[in-house]
Every structure is written in C-alpha cells, then in structure tokens.
>>> print(open('input00.txt').read())   # compact mmCIF, C-alpha atoms
# COMPACT_ATOMS: atom_id res chain seq x y z
CA MET E 143 107.63 115.98 125.06
CA ALA E 144 107.75 117.24 128.62
CA TYR E 145 105.92 115.03 131.11
CA GLY E 146 102.86 116.34 132.90
CA LEU E 147 101.35 118.29 130.01
CA LYS E 148 97.61 118.61 130.29
CA ARG E 149 95.24 118.26 127.34
CA GLN E 150 94.57 122.00 127.40
CA ASP E 151 98.32 122.68 127.37
CA LEU E 152 98.73 120.51 124.29
CA GLN E 153 95.78 122.18 122.56
CA ALA E 154 97.27 125.61 123.26
CA LEU E 155 100.68 124.44 122.01
CA ALA E 156 99.18 123.14 118.78
CA GLU E 157 97.48 126.48 118.10
CA SER E 158 100.59 128.38 119.09
CA LYS E 159 102.92 126.38 116.82
CA LEU E 160 100.65 126.96 113.84
CA LYS E 161 100.52 130.70 114.52
CA ASP E 162 104.30 130.84 114.90
CA ALA E 163 104.79 128.83 111.71
CA THR E 164 102.50 131.20 109.82
CA PHE E 165 104.36 134.19 111.22
CA LEU E 166 107.71 132.72 110.17
CA GLN E 167 106.37 131.92 106.72
CA HIS E 168 105.15 135.49 106.26
CA SER E 169 108.62 136.64 107.38
CA GLY E 170 110.34 134.59 104.70
CA ARG E 171 111.67 131.92 107.10
CA SER E 172 110.30 128.94 105.22
CA SER E 173 112.45 126.13 106.62
CA ASN E 174 111.64 126.91 110.24
CA ALA E 175 108.02 127.62 109.34
CA TYR E 176 107.83 124.11 107.89
CA TYR E 177 109.53 122.61 110.94
CA LEU E 178 107.27 124.32 113.47
CA ALA E 179 104.07 123.64 111.55
CA GLY E 180 104.53 119.90 111.96
CA TYR E 181 104.46 120.27 115.71
CA ALA E 182 100.99 121.81 115.49
CA VAL E 183 99.83 118.42 114.22
CA GLU E 184 101.90 116.41 116.70
CA PHE E 185 100.70 118.37 119.73
CA GLY E 186 97.13 118.32 118.46
CA LEU E 187 97.23 114.53 118.17
CA LYS E 188 98.80 114.25 121.60
CA ALA E 189 95.88 116.30 122.96
CA CYS E 190 93.58 113.68 121.39
CA ILE E 191 95.57 110.99 123.19
CA ALA E 192 95.43 112.89 126.49
CA ARG E 193 91.66 112.89 126.19
CA LYS E 194 91.73 109.08 126.19
CA VAL E 195 94.14 108.57 129.09
CA ALA E 196 92.34 107.05 132.04
CA PRO E 197 92.97 108.73 135.42
CA GLU E 198 94.63 106.72 138.19
CA THR E 199 95.76 104.12 135.68
CA ILE E 200 99.30 103.34 134.55
CA PRO E 201 99.20 102.81 130.79
CA ASP E 202 100.76 99.69 129.34
CA PRO E 203 104.42 99.80 128.23
CA SER E 204 103.72 99.89 124.49
CA PHE E 205 101.49 102.93 125.02
CA LEU E 206 104.20 104.69 127.00
CA LYS E 207 106.77 103.92 124.33
CA ASN E 208 104.63 104.96 121.38
CA VAL E 209 103.25 108.13 122.91
CA LEU E 210 106.69 109.66 122.42
CA SER E 211 106.53 108.91 118.69
CA HIS E 212 106.48 111.66 116.10
CA ASP E 213 104.77 109.42 113.56
CA PHE E 214 101.26 110.73 112.98
CA PRO E 215 99.53 107.43 112.11
CA THR E 216 101.01 105.89 115.27
CA LEU E 217 99.65 108.78 117.36
CA ILE E 218 96.25 108.54 115.65
CA GLY E 219 96.18 104.85 116.55
CA LEU E 220 96.97 105.61 120.20
CA ALA E 221 94.14 108.13 120.24
CA GLY E 222 91.76 105.40 119.10
CA LEU E 223 90.96 107.32 115.93
CA LYS E 224 92.44 105.10 113.22
CA SER E 225 89.17 103.74 111.93
CA ALA E 226 87.46 107.15 111.82
CA TRP E 227 90.54 108.67 110.18
CA LYS E 228 90.63 106.01 107.49
CA SER E 229 86.91 106.31 106.79
CA GLU E 230 87.16 110.08 106.45
CA GLN E 231 90.05 109.68 103.99
CA ASP E 232 88.04 107.22 101.91
CA THR E 233 85.14 109.64 101.53
CA ASN E 234 86.95 113.00 101.41
CA SER E 235 89.89 113.05 99.01
CA ALA E 236 90.80 116.68 99.80
CA PHE E 237 91.12 115.72 103.48
CA ALA E 238 93.22 112.70 102.51
CA ALA E 239 95.44 114.85 100.28
CA ASN E 240 96.12 117.17 103.19
CA TRP E 241 97.12 114.20 105.35
CA GLY E 242 99.43 113.03 102.56
CA ILE E 243 101.21 116.38 102.63
CA VAL E 244 101.29 116.51 106.44
CA SER E 245 102.63 112.96 106.70
CA GLU E 246 105.82 113.96 104.87
CA TRP E 247 106.81 115.92 107.97
CA LYS E 248 109.28 114.49 110.47
CA PRO E 249 111.39 116.16 113.19
CA GLU E 250 114.56 115.57 111.15
CA VAL E 251 113.45 118.31 108.74
CA ARG E 252 115.18 120.70 111.14
CA TYR E 253 118.37 119.70 109.34
CA GLU E 254 116.89 120.41 105.92
CA THR E 255 116.04 123.42 103.83
CA ARG E 256 112.44 123.86 102.71
CA ASP E 257 111.28 126.37 100.12
CA SER E 258 108.40 128.78 100.51
CA MET E 259 106.09 126.60 98.41
CA SER E 260 106.62 123.58 100.68
CA ALA E 261 105.97 125.58 103.84
CA THR E 262 102.88 127.20 102.39
CA LEU E 263 101.55 123.82 101.25
CA LEU E 264 102.07 122.30 104.70
CA ILE E 265 100.50 125.23 106.55
CA GLN E 266 97.51 125.16 104.21
CA ALA E 267 97.12 121.39 104.64
CA ILE E 268 96.99 121.91 108.39
CA SER E 269 94.84 125.02 108.54
CA HIS E 270 92.43 124.75 105.60
CA THR E 271 89.01 125.70 106.93
CA GLU E 272 87.14 122.87 105.20
CA SER E 273 89.54 119.93 104.84
CA GLY E 274 92.55 120.87 106.95
CA VAL E 275 93.92 118.28 109.34
CA LEU E 276 93.69 120.56 112.39
CA LYS E 277 89.94 120.95 111.96
CA TRP E 278 89.58 117.16 112.21
CA ILE E 279 92.01 116.97 115.13
CA LYS E 280 90.10 119.67 116.99
CA ALA E 281 86.88 117.74 116.54
CA ASN E 282 88.56 114.90 118.40
CA TRP E 283 90.58 116.62 121.11
CA MET G 183 105.26 93.55 106.87
CA ASP G 184 107.11 90.83 105.00
CA GLN G 185 108.36 91.33 101.47
CA GLY G 186 105.47 89.40 99.93
CA GLU G 187 102.91 91.65 101.57
CA LEU G 188 104.81 94.80 100.63
CA VAL G 189 104.92 93.67 97.01
CA ARG G 190 101.22 92.70 96.98
CA ILE G 191 100.07 96.03 98.42
CA GLY G 192 102.46 98.04 96.29
CA HIS G 193 101.30 96.36 93.10
CA ILE G 194 97.63 97.01 93.91
CA ILE G 195 98.37 100.71 94.38
CA MET G 196 100.54 100.90 91.27
CA ARG G 197 97.94 99.11 89.14
CA GLY G 198 95.28 101.47 90.47
CA MET G 199 97.44 104.45 89.57
CA ASP G 200 98.10 103.04 86.12
CA GLU G 201 94.36 102.67 85.57
CA ALA G 202 93.74 106.18 86.92
CA GLY G 203 96.09 107.64 84.31
CA MET G 204 98.90 108.44 86.74
CA PRO G 205 101.35 105.57 86.17
CA PRO G 206 104.31 105.75 88.55
CA GLN G 207 107.71 106.09 86.88
CA PHE G 208 109.25 104.62 89.98
CA ALA G 209 107.95 102.85 93.07
CA MET G 210 109.88 101.53 96.04
CA TRP G 211 109.10 100.61 99.64
CA VAL G 212 111.64 102.17 102.00
CA LEU G 213 112.09 101.43 105.69
CA SER G 214 112.31 104.78 107.44
CA ASP G 215 114.46 105.76 110.41
CA ALA G 216 111.34 105.35 112.54
CA ASP G 217 111.14 101.70 111.40
CA ILE G 218 108.06 102.36 109.29
CA TRP G 219 107.66 101.29 105.65
CA LYS G 220 106.83 104.08 103.21
CA LEU G 221 105.97 103.60 99.56
CA TRP G 222 107.98 106.14 97.60
CA ILE G 223 106.37 106.98 94.29
CA VAL G 224 107.62 109.16 91.46
CA PRO G 225 104.51 110.15 89.49
CA PRO G 226 104.48 110.78 85.74
CA PRO G 227 106.28 114.03 84.82
CA LYS G 228 103.04 115.86 84.05
CA LEU G 229 101.78 115.38 87.61
CA ILE G 230 103.72 117.93 89.67
CA ASP G 231 101.00 119.24 92.01
CA LYS G 232 101.55 117.52 95.34
CA HIS G 233 97.99 118.04 96.60
CA GLU G 234 96.61 116.62 93.37
CA PHE G 235 98.94 113.62 93.56
CA TYR G 236 97.86 112.73 97.09
CA ARG G 237 94.20 113.41 96.31
CA ARG G 238 94.20 111.03 93.37
CA ALA G 239 96.31 108.43 95.21
CA SER G 240 93.81 108.48 98.08
CA GLU G 241 91.03 107.76 95.61
CA VAL G 242 92.98 104.72 94.40
CA ILE G 243 93.35 103.52 98.00
CA ALA G 244 89.64 104.06 98.72
CA LYS G 245 88.66 102.21 95.55
CA HIS G 246 90.75 99.21 96.57
CA ARG G 247 90.02 99.41 100.30
CA ALA G 248 88.91 95.76 100.55
CA ASP G 249 92.30 94.57 99.29
CA LEU G 250 94.42 97.20 101.06
CA GLY G 251 93.18 96.81 104.63
CA ASP G 252 94.74 99.46 106.87
CA VAL G 253 96.74 101.25 104.17
CA THR G 254 96.25 105.02 104.23
CA ILE G 255 97.63 107.93 102.25
CA SER G 256 100.26 108.35 104.97
CA ASP G 257 101.89 105.13 103.77
CA ILE G 258 102.70 106.80 100.44
CA GLU G 259 105.24 109.53 99.83
CA MET G 260 105.56 111.49 96.60
CA GLN G 261 109.16 111.74 95.52
CA ALA G 262 111.02 113.57 92.78
CA ALA G 263 112.99 111.68 90.13
CA SER G 264 115.92 113.82 91.21
CA GLN G 265 115.97 112.37 94.75
CA PRO G 266 119.56 111.06 95.09
CA ALA G 267 118.77 107.39 95.73
CA ILE G 268 116.08 107.34 93.07
CA SER G 269 118.18 108.99 90.38
CA ALA G 270 120.87 106.37 91.05
CA MET G 271 118.31 103.55 90.96
CA PHE G 272 117.08 104.76 87.58
CA ARG G 273 120.60 104.20 86.26
CA VAL G 274 121.21 100.74 87.74
CA VAL G 275 117.78 99.11 88.01
CA ARG G 276 115.57 98.60 84.98
CA MET G 277 112.20 97.21 86.03
CA GLU G 278 109.22 97.93 83.80
CA GLY G 279 105.76 96.85 84.90
CA PHE G 280 105.53 95.09 88.22
CA GLY G 281 108.57 93.69 90.01
CA GLY G 282 110.00 93.21 93.46
CA ALA G 283 113.72 93.42 94.22
CA ARG G 284 115.08 93.89 97.72
CA PHE G 285 118.09 96.03 98.61
CA ALA G 286 119.29 96.02 102.22
CA GLY G 287 122.02 98.12 103.80
CA THR G 288 122.90 99.78 100.51
CA THR G 289 124.05 103.28 99.71
CA PHE G 290 122.90 104.80 96.43
CA ASN G 291 124.40 108.09 95.35
CA GLY G 292 125.33 108.90 98.96
CA TYR G 293 121.85 108.09 100.28
CA TYR G 294 121.71 105.12 102.70
CA LEU G 295 118.79 102.74 102.39
CA PRO G 296 118.61 100.38 105.39
CA ASP G 297 116.00 98.25 103.65
CA ALA G 298 114.07 98.78 100.43
CA VAL G 299 111.98 96.86 97.91
CA VAL G 300 111.93 98.25 94.37
CA LEU G 301 108.64 97.61 92.58
CA ARG G 302 109.17 99.65 89.40
CA SER G 303 111.99 101.62 87.85
CA ALA G 304 110.57 102.34 84.45
CA ALA G 305 112.64 104.89 82.62
CA ALA G 306 115.39 107.33 83.40
CA PRO G 307 113.97 110.83 83.17
CA ALA G 308 115.48 113.30 80.76
CA PRO G 309 118.21 115.37 82.45
>>> encode(input="input00.txt", output="structure tokens")
Amino acid sequence: MAYGLKRQDLQALAESKLKDATFLQHSGRSSNAYYLAGYAVEFGLKACIARKVAPETIPDPSFLKNVLSHDFPTLIGLAGLKSAWKSEQDTNSAFAANWGIVSEWKPEVRYETRDSMSATLLIQAISHTESGVLKWIKANW
Amino acid sequence: MDQGELVRIGHIIMRGMDEAGMPPQFAMWVLSDADIWKLWIVPPPKLIDKHEFYRRASEVIAKHRADLGDVTISDIEMQAASQPAISAMFRVVRMEGFGGARFAGTTFNGYYLPDAVVLRSAAAPAP
C-alpha cells in the first residue's frame, strides 16, 4: 500500500476495484476478476482503519507492521471491529457465509487460475445488497 | 496456538458438523504463508455449494461460541478432496473419528506443508 492514502482515497479504491473486477468478470477474465475483487475488501478495511488513526500520533510498531497485512481478520482487528464482526456472524449466517468465501482470497491468487464460478461467487459475496461484506465495511468506514 | 488448543477447537467444530449432518471427510489445521492457522475441511461429497458450506459452518461456530472464543468463519477453509496435499493424505493417513497428528516441514504430492495437524482423514474418495 502506498503511504499517505487518505480514508476517502481508500474508499474510492475499494469501489473502483469492485467495479473493475465486475467488468473483468463480464469480459470473461475470471482469474483477474477474482484477484482484483479481493482488493475491494482490503482497501475497504484499510479505510475503516484510517478512520481510527489518531492525528498527530505515531502508532505503535505492531500497528504499523500489521496495517500492511492482507489478512482480513487482522485488518478487522486493527479497525477495532472484531467484536462487532463476530457478533454479526453469529446472528446472520448469510453474512458469515460471505465472509467465509471472501476469506479464501489472498494476494498470491495472482499466480493461480480461477474459474468463472469462483469469481462470480467472490464478487457476489462482496457486493450482495443485503449480506455482502462491502455493505458492512461501508457502515464502518 | 499450541497443538492442544488447535486439536480442542478443531474437534468442537468437527463434532458440531457431525451433529449438523455435514460430517467432514477430512480436517486439518494448516499454518499459512502469513503465519496464520487455517482449518481445512473437506465436507461430505453431497455438500458442494460453497456458500451453503460456510453458512452451515458459521451456525456451528455460533452454537458453540462459548467454547470457541474468538474463532470465526475466516478460520475455516473449504477444500476439495482433490487438493494435492489432501489427496495424498487420504492415501497415507487413516484417521477415523477424532485424532491429532502433527506433520511439520513435509511435502505431500508436491505441496509443501510447513506445519499441519491432521484431525480426521476418514476415507479416500472414489476416483
């Protein structure tokens, strides 16, 4: 992640990556659609973290190290949302299922081939209007 | 997490899945490249819908929340019996029910596992 990104930049990037992923998926480019879609979640969570960063304060070293992580639960923890996230999963199994699908993503998928079904499933898990993960992220960014 | 805790948590989830009518064929904790433990589960052959698998697994976690602490659905990963390491494990490890065997720094079928704890390897699937 480039340094100096503002919360609004990260929000815009999250939306943009999802749109690009959807475009690629509709164009039959499933592997790259899958790859890009994951970044919609990562940037969205980083926007949630940016919201929590205190101005004129140097964060502690573990925060600085972990904020570069691509692991979604780690980022959710840094955003201070772990408890709310867990509670929502326990009461909304469709929401939890979407996080299960999303959590399979990792940056190393750029070396892998993903079929159309996998990309569609991931994009739906992110963008579903009722239980998609981006809806929850947006409520917290 | 130490091995004892991995086995305890894994067995709670597996037992919950057994009771929910989705008994895992195979279950194994795997340490990922990001140094995070993931519980790989191969569901019964009839359960192929990924969304349905995660939905029902999340209900198992919610039901056993008091015993599972901070475990979330993101700690579980649905895998296919054809995954290279798993298909090799099916051939060399026979572990019905609830077990716990550690493999560290081992390559199975060309797939390197830096650290793993097998909890169940029930039956080799039909080719």
>>> closest_residue(input="input00.txt", among="E:Leu206, E:Thr199, E:Tyr181, E:Ala221", to="Ser245 of chain E", atoms="all atoms listed in the file")
E:Tyr181
>>> closest_residue(input="input00.txt", among="G:Val189, G:Asp184, G:Val224, G:Arg238", to="Ala202 of chain G", atoms="only C-alpha atoms")
G:Arg238
>>> interface_residues(input="input00.txt", of="chain G", to="chain E", cutoff="8 Å", atoms="all atoms listed in the file", output="PyMOL selection string")
chain G and resi 216+232-238+240-241+243-244+252+254-256+258-259
>>> atom_distance(input="input00.txt", atom1="atom CA of Glu254 of chain E", atom2="atom CA of Tyr176 of chain E")
10.0 Å
>>> atom_distance(input="input00.txt", atom1="atom CA of Leu147 of chain E", atom2="atom CA of Ile191 of chain E")
11.5 Å
>>> atom_distance(input="input00.txt", atom1="atom CA of Pro206 of chain G", atom2="atom CA of Ala248 of chain G")
21.9 Å
>>> residues_around(input="input00.txt", residues="Glu187 of chain G", least_positions_apart="4", cutoff="12 Å", atoms="all atoms listed in the file", output="PyMOL selection string")
chain G and resi 183+191-194+211+219+249-251+253+282+299
>>> residues_near_point(input="input00.txt", point="(109.3, 105.4, 83.2)", cutoff="6 Å", atoms="all atoms listed in the file", output="PyMOL selection string")
chain G and resi 207+304-305
>>> residues_near_point(input="input00.txt", point="(122.8, 110.6, 92.8)", cutoff="7 Å", atoms="all atoms listed in the file", output="PyMOL selection string")
chain G and resi 266-267+269-270+290-292
